[in-house]
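Q: Got query04.cif for you, mmCIF, N, CA and C atoms:
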data_final
loop_
_atom_site.label_atom_id
_atom_site.label_comp_id
_atom_site.auth_asym_id
_atom_site.auth_seq_id
_atom_site.Cartn_x
_atom_site.Cartn_y
_atom_site.Cartn_z
N MET A 17 37.06 85.83 28.76
CA MET A 17 38.19 86.31 27.99
C MET A 17 38.66 85.23 27.03
N ALA A 18 38.98 85.64 25.84
CA ALA A 18 39.49 84.70 24.85
C ALA A 18 40.93 84.33 25.20
N ARG A 19 41.27 83.09 24.93
CA ARG A 19 42.64 82.60 25.13
C ARG A 19 43.38 82.82 23.82
N VAL A 20 44.42 83.64 23.84
CA VAL A 20 45.18 83.99 22.64
C VAL A 20 46.52 83.25 22.67
N LEU A 21 46.82 82.58 21.56
CA LEU A 21 48.07 81.84 21.42
C LEU A 21 48.85 82.39 20.23
N LEU A 22 50.14 82.57 20.41
CA LEU A 22 51.02 82.98 19.33
C LEU A 22 52.03 81.86 19.10
N PHE A 23 52.33 81.58 17.84
CA PHE A 23 53.28 80.52 17.51
C PHE A 23 54.44 81.07 16.71
N GLY A 24 55.56 80.36 16.77
CA GLY A 24 56.74 80.67 15.98
C GLY A 24 57.27 82.07 16.20
N ARG A 25 57.59 82.73 15.11
CA ARG A 25 58.19 84.06 15.18
C ARG A 25 57.25 85.09 15.80
N LEU A 26 55.95 84.85 15.74
CA LEU A 26 55.00 85.78 16.36
C LEU A 26 55.19 85.81 17.87
N SER A 27 55.37 84.64 18.46
CA SER A 27 55.63 84.53 19.89
C SER A 27 56.96 85.18 20.24
N ASP A 28 57.97 84.93 19.42
CA ASP A 28 59.29 85.53 19.66
C ASP A 28 59.21 87.05 19.61
N LEU A 29 58.50 87.57 18.65
CA LEU A 29 58.36 89.01 18.48
C LEU A 29 57.63 89.65 19.66
N ALA A 30 56.55 89.02 20.11
CA ALA A 30 55.73 89.58 21.19
C ALA A 30 56.36 89.39 22.57
N GLY A 31 57.14 88.33 22.72
CA GLY A 31 57.72 88.04 24.03
C GLY A 31 56.77 87.27 24.93
N TRP A 32 55.71 86.74 24.36
CA TRP A 32 54.78 85.90 25.10
C TRP A 32 54.17 84.89 24.14
N ARG A 33 53.68 83.78 24.68
CA ARG A 33 53.08 82.73 23.85
C ARG A 33 51.58 82.61 24.07
N GLU A 34 51.14 82.90 25.29
CA GLU A 34 49.73 82.71 25.62
C GLU A 34 49.29 83.77 26.62
N ARG A 35 48.09 84.29 26.41
CA ARG A 35 47.50 85.21 27.38
C ARG A 35 45.99 85.30 27.16
N GLU A 36 45.30 85.82 28.14
CA GLU A 36 43.86 86.01 28.08
C GLU A 36 43.59 87.47 27.68
N VAL A 37 42.68 87.67 26.73
CA VAL A 37 42.35 89.01 26.26
C VAL A 37 40.84 89.13 26.12
N GLU A 38 40.29 90.21 26.62
CA GLU A 38 38.86 90.50 26.51
C GLU A 38 38.62 91.22 25.19
N SER A 39 37.80 90.64 24.32
CA SER A 39 37.47 91.26 23.05
C SER A 39 36.24 90.59 22.46
N PRO A 40 35.28 91.38 21.94
CA PRO A 40 34.06 90.79 21.40
C PRO A 40 34.21 90.20 19.99
N PHE A 41 35.19 90.73 19.22
CA PHE A 41 35.38 90.28 17.85
C PHE A 41 36.85 90.11 17.53
N LEU A 42 37.15 89.28 16.55
CA LEU A 42 38.53 89.04 16.13
C LEU A 42 39.18 90.34 15.66
N SER A 43 38.46 91.15 14.90
CA SER A 43 39.03 92.41 14.40
C SER A 43 39.42 93.33 15.56
N ALA A 44 38.60 93.40 16.59
CA ALA A 44 38.90 94.22 17.76
C ALA A 44 40.10 93.67 18.52
N LEU A 45 40.22 92.35 18.57
CA LEU A 45 41.37 91.72 19.22
C LEU A 45 42.66 92.09 18.50
N LYS A 46 42.65 91.97 17.17
CA LYS A 46 43.83 92.33 16.39
C LYS A 46 44.20 93.80 16.60
N ALA A 47 43.20 94.67 16.61
CA ALA A 47 43.44 96.10 16.81
C ALA A 47 44.04 96.35 18.19
N ARG A 48 43.52 95.67 19.19
CA ARG A 48 44.04 95.84 20.55
C ARG A 48 45.49 95.39 20.65
N LEU A 49 45.80 94.23 20.05
CA LEU A 49 47.18 93.74 20.08
C LEU A 49 48.11 94.69 19.33
N ALA A 50 47.64 95.26 18.22
CA ALA A 50 48.45 96.21 17.45
C ALA A 50 48.67 97.50 18.23
N ASP A 51 47.65 97.95 18.96
CA ASP A 51 47.80 99.16 19.79
C ASP A 51 48.84 98.95 20.88
N GLU A 52 48.86 97.75 21.45
CA GLU A 52 49.80 97.43 22.53
C GLU A 52 51.21 97.22 22.02
N ASP A 53 51.35 96.70 20.79
CA ASP A 53 52.67 96.37 20.24
C ASP A 53 52.61 96.52 18.72
N ALA A 54 53.10 97.66 18.23
CA ALA A 54 53.01 97.96 16.79
C ALA A 54 53.71 96.91 15.94
N GLY A 55 54.85 96.40 16.41
CA GLY A 55 55.57 95.37 15.66
C GLY A 55 54.77 94.09 15.52
N LEU A 56 54.12 93.69 16.60
CA LEU A 56 53.28 92.51 16.56
C LEU A 56 52.08 92.75 15.64
N GLY A 57 51.47 93.93 15.74
CA GLY A 57 50.33 94.26 14.88
C GLY A 57 50.69 94.18 13.42
N GLU A 58 51.87 94.68 13.07
CA GLU A 58 52.33 94.62 11.69
C GLU A 58 52.55 93.17 11.26
N ALA A 59 53.14 92.38 12.14
CA ALA A 59 53.38 90.97 11.82
C ALA A 59 52.07 90.20 11.64
N LEU A 60 51.08 90.47 12.50
CA LEU A 60 49.79 89.78 12.40
C LEU A 60 49.07 90.12 11.11
N ALA A 61 49.29 91.33 10.60
CA ALA A 61 48.65 91.75 9.36
C ALA A 61 49.45 91.33 8.12
N GLY A 62 50.61 90.73 8.33
CA GLY A 62 51.49 90.36 7.23
C GLY A 62 50.96 89.20 6.41
N PRO A 63 51.57 89.00 5.24
CA PRO A 63 51.14 87.91 4.36
C PRO A 63 51.41 86.54 4.97
N GLY A 64 50.48 85.65 4.77
CA GLY A 64 50.67 84.27 5.19
C GLY A 64 50.29 83.96 6.62
N VAL A 65 50.01 84.98 7.46
CA VAL A 65 49.61 84.72 8.84
C VAL A 65 48.16 84.25 8.83
N GLN A 66 47.91 83.12 9.47
CA GLN A 66 46.56 82.58 9.54
C GLN A 66 46.05 82.62 10.97
N VAL A 67 44.73 82.61 11.10
CA VAL A 67 44.10 82.64 12.42
C VAL A 67 43.20 81.42 12.54
N ALA A 68 43.31 80.73 13.66
CA ALA A 68 42.43 79.60 13.95
C ALA A 68 41.61 79.94 15.19
N LEU A 69 40.30 79.78 15.08
CA LEU A 69 39.41 79.92 16.23
C LEU A 69 38.97 78.53 16.62
N ASP A 70 39.29 78.15 17.83
CA ASP A 70 38.96 76.81 18.32
C ASP A 70 39.42 75.74 17.34
N GLN A 71 40.64 75.91 16.83
CA GLN A 71 41.34 74.98 15.96
C GLN A 71 40.77 74.86 14.56
N VAL A 72 40.02 75.90 14.12
CA VAL A 72 39.49 75.95 12.76
C VAL A 72 39.97 77.24 12.12
N ILE A 73 40.65 77.13 10.98
CA ILE A 73 41.16 78.31 10.29
C ILE A 73 39.97 79.16 9.83
N VAL A 74 40.06 80.48 10.10
CA VAL A 74 39.01 81.40 9.68
C VAL A 74 39.63 82.52 8.85
N ARG A 75 38.79 83.12 8.03
CA ARG A 75 39.19 84.29 7.26
C ARG A 75 38.15 85.36 7.55
N GLY A 76 38.60 86.58 7.70
CA GLY A 76 37.67 87.67 7.99
C GLY A 76 37.42 87.78 9.49
N ASP A 77 36.38 88.53 9.83
CA ASP A 77 36.06 88.79 11.22
C ASP A 77 35.17 87.68 11.78
N ALA A 78 35.18 87.55 13.09
CA ALA A 78 34.34 86.54 13.76
C ALA A 78 34.12 86.97 15.21
N PRO A 79 32.97 86.62 15.77
CA PRO A 79 32.74 86.93 17.18
C PRO A 79 33.55 86.02 18.08
N LEU A 80 33.92 86.54 19.24
CA LEU A 80 34.67 85.77 20.24
C LEU A 80 33.85 85.72 21.51
N ASN A 81 34.10 84.70 22.33
CA ASN A 81 33.46 84.63 23.63
C ASN A 81 34.49 84.21 24.67
N ALA A 82 34.04 84.00 25.88
CA ALA A 82 34.95 83.73 27.00
C ALA A 82 35.73 82.43 26.86
N VAL A 83 35.27 81.52 26.04
CA VAL A 83 35.96 80.23 25.91
C VAL A 83 36.61 80.04 24.54
N THR A 84 36.64 81.08 23.72
CA THR A 84 37.24 80.97 22.39
C THR A 84 38.76 80.92 22.50
N GLU A 85 39.36 79.99 21.78
CA GLU A 85 40.81 79.93 21.65
C GLU A 85 41.18 80.55 20.30
N VAL A 86 42.01 81.58 20.33
CA VAL A 86 42.45 82.28 19.12
C VAL A 86 43.93 82.00 18.94
N ALA A 87 44.28 81.34 17.85
CA ALA A 87 45.68 81.02 17.58
C ALA A 87 46.13 81.75 16.33
N PHE A 88 47.22 82.50 16.45
CA PHE A 88 47.83 83.17 15.30
C PHE A 88 49.00 82.32 14.84
N LEU A 89 48.96 81.93 13.57
CA LEU A 89 49.94 81.01 13.00
C LEU A 89 50.78 81.72 11.96
N PRO A 90 52.10 81.72 12.10
CA PRO A 90 52.96 82.38 11.12
C PRO A 90 52.97 81.59 9.81
N PRO A 91 53.47 82.21 8.75
CA PRO A 91 53.57 81.48 7.47
C PRO A 91 54.44 80.24 7.66
N MET A 92 54.05 79.17 7.00
CA MET A 92 54.80 77.92 7.07
C MET A 92 55.73 77.83 5.88
N SER A 93 56.85 77.18 6.08
CA SER A 93 57.78 76.94 4.98
C SER A 93 58.32 75.53 5.12
N GLY A 94 58.96 75.10 4.10
CA GLY A 94 59.53 73.76 4.14
C GLY A 94 59.07 72.94 2.96
N GLY A 95 59.46 71.71 2.96
CA GLY A 95 59.11 70.90 1.80
C GLY A 95 58.91 69.48 2.11
#
Would you mind writing the structure in this file as structure tokens?
A:
Amino acid sequence: MARVLLFGRLSDLAGWREREVESPFLSALKARLADEDAGLGEALAGPGVQVALDQVIVRGDAPLNAVTEVAFLPPMSGG
């Protein structure tokens, strides 16, 4: 199972910060999270949200395995 981490407002919205989720691909993981929590799904699809797989920012879909760490990062602000 992939280890899923939510940071900042994403964690606040979901009510959890870390959990294990079984999913073969990043796109399927996002769909599963959206099915479970429509508000979180909308937030994950929002502008500026980035995804890191094993601490590397990725764009698009990617395969996951039992040891993949998936981190959803909210938009950053500040100066």
Q: Name all residues at most 7 Å from range 78-81 of chain A (count all atoms listed in the file; drop same-chain ones fewer than 2 positions away) and give them as a PDB file with N, CA and C atoms, in the coordinates of the input.
A:
ATOM      1  N   MET A  17      37.060  85.830  28.760  1.00  0.00           N
ATOM      2  CA  MET A  17      38.190  86.310  27.990  1.00  0.00           C
ATOM      3  C   MET A  17      38.660  85.230  27.030  1.00  0.00           C
ATOM      4  N   ALA A  18      38.980  85.640  25.840  1.00  0.00           N
ATOM      5  CA  ALA A  18      39.490  84.700  24.850  1.00  0.00           C
ATOM      6  C   ALA A  18      40.930  84.330  25.200  1.00  0.00           C
ATOM      7  N   ARG A  19      41.270  83.090  24.930  1.00  0.00           N
ATOM      8  CA  ARG A  19      42.640  82.600  25.130  1.00  0.00           C
ATOM      9  C   ARG A  19      43.380  82.820  23.820  1.00  0.00           C
ATOM     10  N   SER A  39      37.800  90.640  24.320  1.00  0.00           N
ATOM     11  CA  SER A  39      37.470  91.260  23.050  1.00  0.00           C
ATOM     12  C   SER A  39      36.240  90.590  22.460  1.00  0.00           C
ATOM     13  N   PRO A  40      35.280  91.380  21.940  1.00  0.00           N
ATOM     14  CA  PRO A  40      34.060  90.790  21.400  1.00  0.00           C
ATOM     15  C   PRO A  40      34.210  90.200  19.990  1.00  0.00           C
ATOM     16  N   PHE A  41      35.190  90.730  19.220  1.00  0.00           N
ATOM     17  CA  PHE A  41      35.380  90.280  17.850  1.00  0.00           C
ATOM     18  C   PHE A  41      36.850  90.110  17.530  1.00  0.00           C
ATOM     19  N   LEU A  42      37.150  89.280  16.550  1.00  0.00           N
ATOM     20  CA  LEU A  42      38.530  89.040  16.130  1.00  0.00           C
ATOM     21  C   LEU A  42      39.180  90.340  15.660  1.00  0.00           C
ATOM     22  N   SER A  43      38.460  91.150  14.900  1.00  0.00           N
ATOM     23  CA  SER A  43      39.030  92.410  14.400  1.00  0.00           C
ATOM     24  C   SER A  43      39.420  93.330  15.560  1.00  0.00           C
ATOM     25  N   ARG A  75      38.790  83.120   8.030  1.00  0.00           N
ATOM     26  CA  ARG A  75      39.190  84.290   7.260  1.00  0.00           C
ATOM     27  C   ARG A  75      38.150  85.360   7.550  1.00  0.00           C
ATOM     28  N   GLY A  76      38.600  86.580   7.700  1.00  0.00           N
ATOM     29  CA  GLY A  76      37.670  87.670   7.990  1.00  0.00           C
ATOM     30  C   GLY A  76      37.420  87.780   9.490  1.00  0.00           C
ATOM     31  N   VAL A  83      35.270  81.520  26.040  1.00  0.00           N
ATOM     32  CA  VAL A  83      35.960  80.230  25.910  1.00  0.00           C
ATOM     33  C   VAL A  83      36.610  80.040  24.540  1.00  0.00           C
ATOM     34  N   THR A  84      36.640  81.080  23.720  1.00  0.00           N
ATOM     35  CA  THR A  84      37.240  80.970  22.390  1.00  0.00           C
ATOM     36  C   THR A  84      38.760  80.920  22.500  1.00  0.00           C
TER      37      THR A  84
END
Q: Name every residue that the PyMOL selection byres ((chain A and resi 33) around 6) selects in this structure, writing the answer as a list in words with chains first and numbers rising.
A: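 Applying the PyMOL selection byres ((chain A and resi 33) around 6) to the structure shown produces Val20, Leu21, Leu22, Ser27, Gly31, Trp32, Glu34 and Arg35 of chain A.
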Q: I need the residue nearest Val65 in chain A from this list: A:Ala44, A:Gly24, A:Ala30, A:Met92. Use only N, CA and C atoms for the distance.
A: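 Among the listed residues, A:Met92 lies closest to Val65 in chain A.
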Q: Would you work out the distance separating atom N of Leu26 in chain A from CA of Asp70 in chain A, expressed in Å to one decimal?
A: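 These two atoms are separated by 19.0 Å.
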Q: For the atom pair atom N of Ala82 in chain A and atom C of Asp28 in chain A, what is the interatomic distance in Å to one decimal place?
A: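 Interatomic distance, atom N of Ala82 in chain A to atom C of Asp28 in chain A: 26.1 Å.
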Q: For Gly62 in chain A, which of A:Pro91, A:Leu45, A:Glu36, A:Leu29 is the closest residue, counting all atoms listed in the file?
A: A:Pro91
Q: What does the structure give for the distance between atom N of Lys46 in chain A and atom N of Ile73 in chain A, in Å to one decimal?
A: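 Value for the atom N of Lys46 in chain A-atom N of Ile73 in chain A distance: 16.2 Å.
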Q: DSSP on the backbone: what in chain A comes out strand (DSSP E), as a PDB file with N, CA and C atoms, keeping the file's coordinate frame?
A:
ATOM      1  N   ALA A  18      38.980  85.640  25.840  1.00  0.00           N
ATOM      2  CA  ALA A  18      39.490  84.700  24.850  1.00  0.00           C
ATOM      3  C   ALA A  18      40.930  84.330  25.200  1.00  0.00           C
ATOM      4  N   ARG A  19      41.270  83.090  24.930  1.00  0.00           N
ATOM      5  CA  ARG A  19      42.640  82.600  25.130  1.00  0.00           C
ATOM      6  C   ARG A  19      43.380  82.820  23.820  1.00  0.00           C
ATOM      7  N   VAL A  20      44.420  83.640  23.840  1.00  0.00           N
ATOM      8  CA  VAL A  20      45.180  83.990  22.640  1.00  0.00           C
ATOM      9  C   VAL A  20      46.520  83.250  22.670  1.00  0.00           C
ATOM     10  N   LEU A  21      46.820  82.580  21.560  1.00  0.00           N
ATOM     11  CA  LEU A  21      48.070  81.840  21.420  1.00  0.00           C
ATOM     12  C   LEU A  21      48.850  82.390  20.230  1.00  0.00           C
ATOM     13  N   LEU A  22      50.140  82.570  20.410  1.00  0.00           N
ATOM     14  CA  LEU A  22      51.020  82.980  19.330  1.00  0.00           C
ATOM     15  C   LEU A  22      52.030  81.860  19.100  1.00  0.00           C
ATOM     16  N   GLU A  34      51.140  82.900  25.290  1.00  0.00           N
ATOM     17  CA  GLU A  34      49.730  82.710  25.620  1.00  0.00           C
ATOM     18  C   GLU A  34      49.290  83.770  26.620  1.00  0.00           C
ATOM     19  N   ARG A  35      48.090  84.290  26.410  1.00  0.00           N
ATOM     20  CA  ARG A  35      47.500  85.210  27.380  1.00  0.00           C
ATOM     21  C   ARG A  35      45.990  85.300  27.160  1.00  0.00           C
ATOM     22  N   GLU A  36      45.300  85.820  28.140  1.00  0.00           N
ATOM     23  CA  GLU A  36      43.860  86.010  28.080  1.00  0.00           C
ATOM     24  C   GLU A  36      43.590  87.470  27.680  1.00  0.00           C
ATOM     25  N   VAL A  37      42.680  87.670  26.730  1.00  0.00           N
ATOM     26  CA  VAL A  37      42.350  89.010  26.260  1.00  0.00           C
ATOM     27  C   VAL A  37      40.840  89.130  26.120  1.00  0.00           C
ATOM     28  N   GLN A  66      47.910  83.120   9.470  1.00  0.00           N
ATOM     29  CA  GLN A  66      46.560  82.580   9.540  1.00  0.00           C
ATOM     30  C   GLN A  66      46.050  82.620  10.970  1.00  0.00           C
ATOM     31  N   VAL A  67      44.730  82.610  11.100  1.00  0.00           N
ATOM     32  CA  VAL A  67      44.100  82.640  12.420  1.00  0.00           C
ATOM     33  C   VAL A  67      43.200  81.420  12.540  1.00  0.00           C
ATOM     34  N   ALA A  68      43.310  80.730  13.660  1.00  0.00           N
ATOM     35  CA  ALA A  68      42.430  79.600  13.950  1.00  0.00           C
ATOM     36  C   ALA A  68      41.610  79.940  15.190  1.00  0.00           C
ATOM     37  N   LEU A  69      40.300  79.780  15.080  1.00  0.00           N
ATOM     38  CA  LEU A  69      39.410  79.920  16.230  1.00  0.00           C
ATOM     39  C   LEU A  69      38.970  78.530  16.620  1.00  0.00           C
ATOM     40  N   VAL A  72      40.020  75.900  14.120  1.00  0.00           N
ATOM     41  CA  VAL A  72      39.490  75.950  12.760  1.00  0.00           C
ATOM     42  C   VAL A  72      39.970  77.240  12.120  1.00  0.00           C
ATOM     43  N   ILE A  73      40.650  77.130  10.980  1.00  0.00           N
ATOM     44  CA  ILE A  73      41.160  78.310  10.290  1.00  0.00           C
ATOM     45  C   ILE A  73      39.970  79.160   9.830  1.00  0.00           C
ATOM     46  N   VAL A  74      40.060  80.480  10.100  1.00  0.00           N
ATOM     47  CA  VAL A  74      39.010  81.400   9.680  1.00  0.00           C
ATOM     48  C   VAL A  74      39.630  82.520   8.850  1.00  0.00           C
ATOM     49  N   GLU A  85      39.360  79.990  21.780  1.00  0.00           N
ATOM     50  CA  GLU A  85      40.810  79.930  21.650  1.00  0.00           C
ATOM     51  C   GLU A  85      41.180  80.550  20.300  1.00  0.00           C
ATOM     52  N   VAL A  86      42.010  81.580  20.330  1.00  0.00           N
ATOM     53  CA  VAL A  86      42.450  82.280  19.120  1.00  0.00           C
ATOM     54  C   VAL A  86      43.930  82.000  18.940  1.00  0.00           C
ATOM     55  N   ALA A  87      44.280  81.340  17.850  1.00  0.00           N
ATOM     56  CA  ALA A  87      45.680  81.020  17.580  1.00  0.00           C
ATOM     57  C   ALA A  87      46.130  81.750  16.330  1.00  0.00           C
ATOM     58  N   PHE A  88      47.220  82.500  16.450  1.00  0.00           N
ATOM     59  CA  PHE A  88      47.830  83.170  15.300  1.00  0.00           C
ATOM     60  C   PHE A  88      49.000  82.320  14.840  1.00  0.00           C
ATOM     61  N   LEU A  89      48.960  81.930  13.570  1.00  0.00           N
ATOM     62  CA  LEU A  89      49.940  81.010  13.000  1.00  0.00           C
ATOM     63  C   LEU A  89      50.780  81.720  11.960  1.00  0.00           C
TER      64      LEU A  89
END
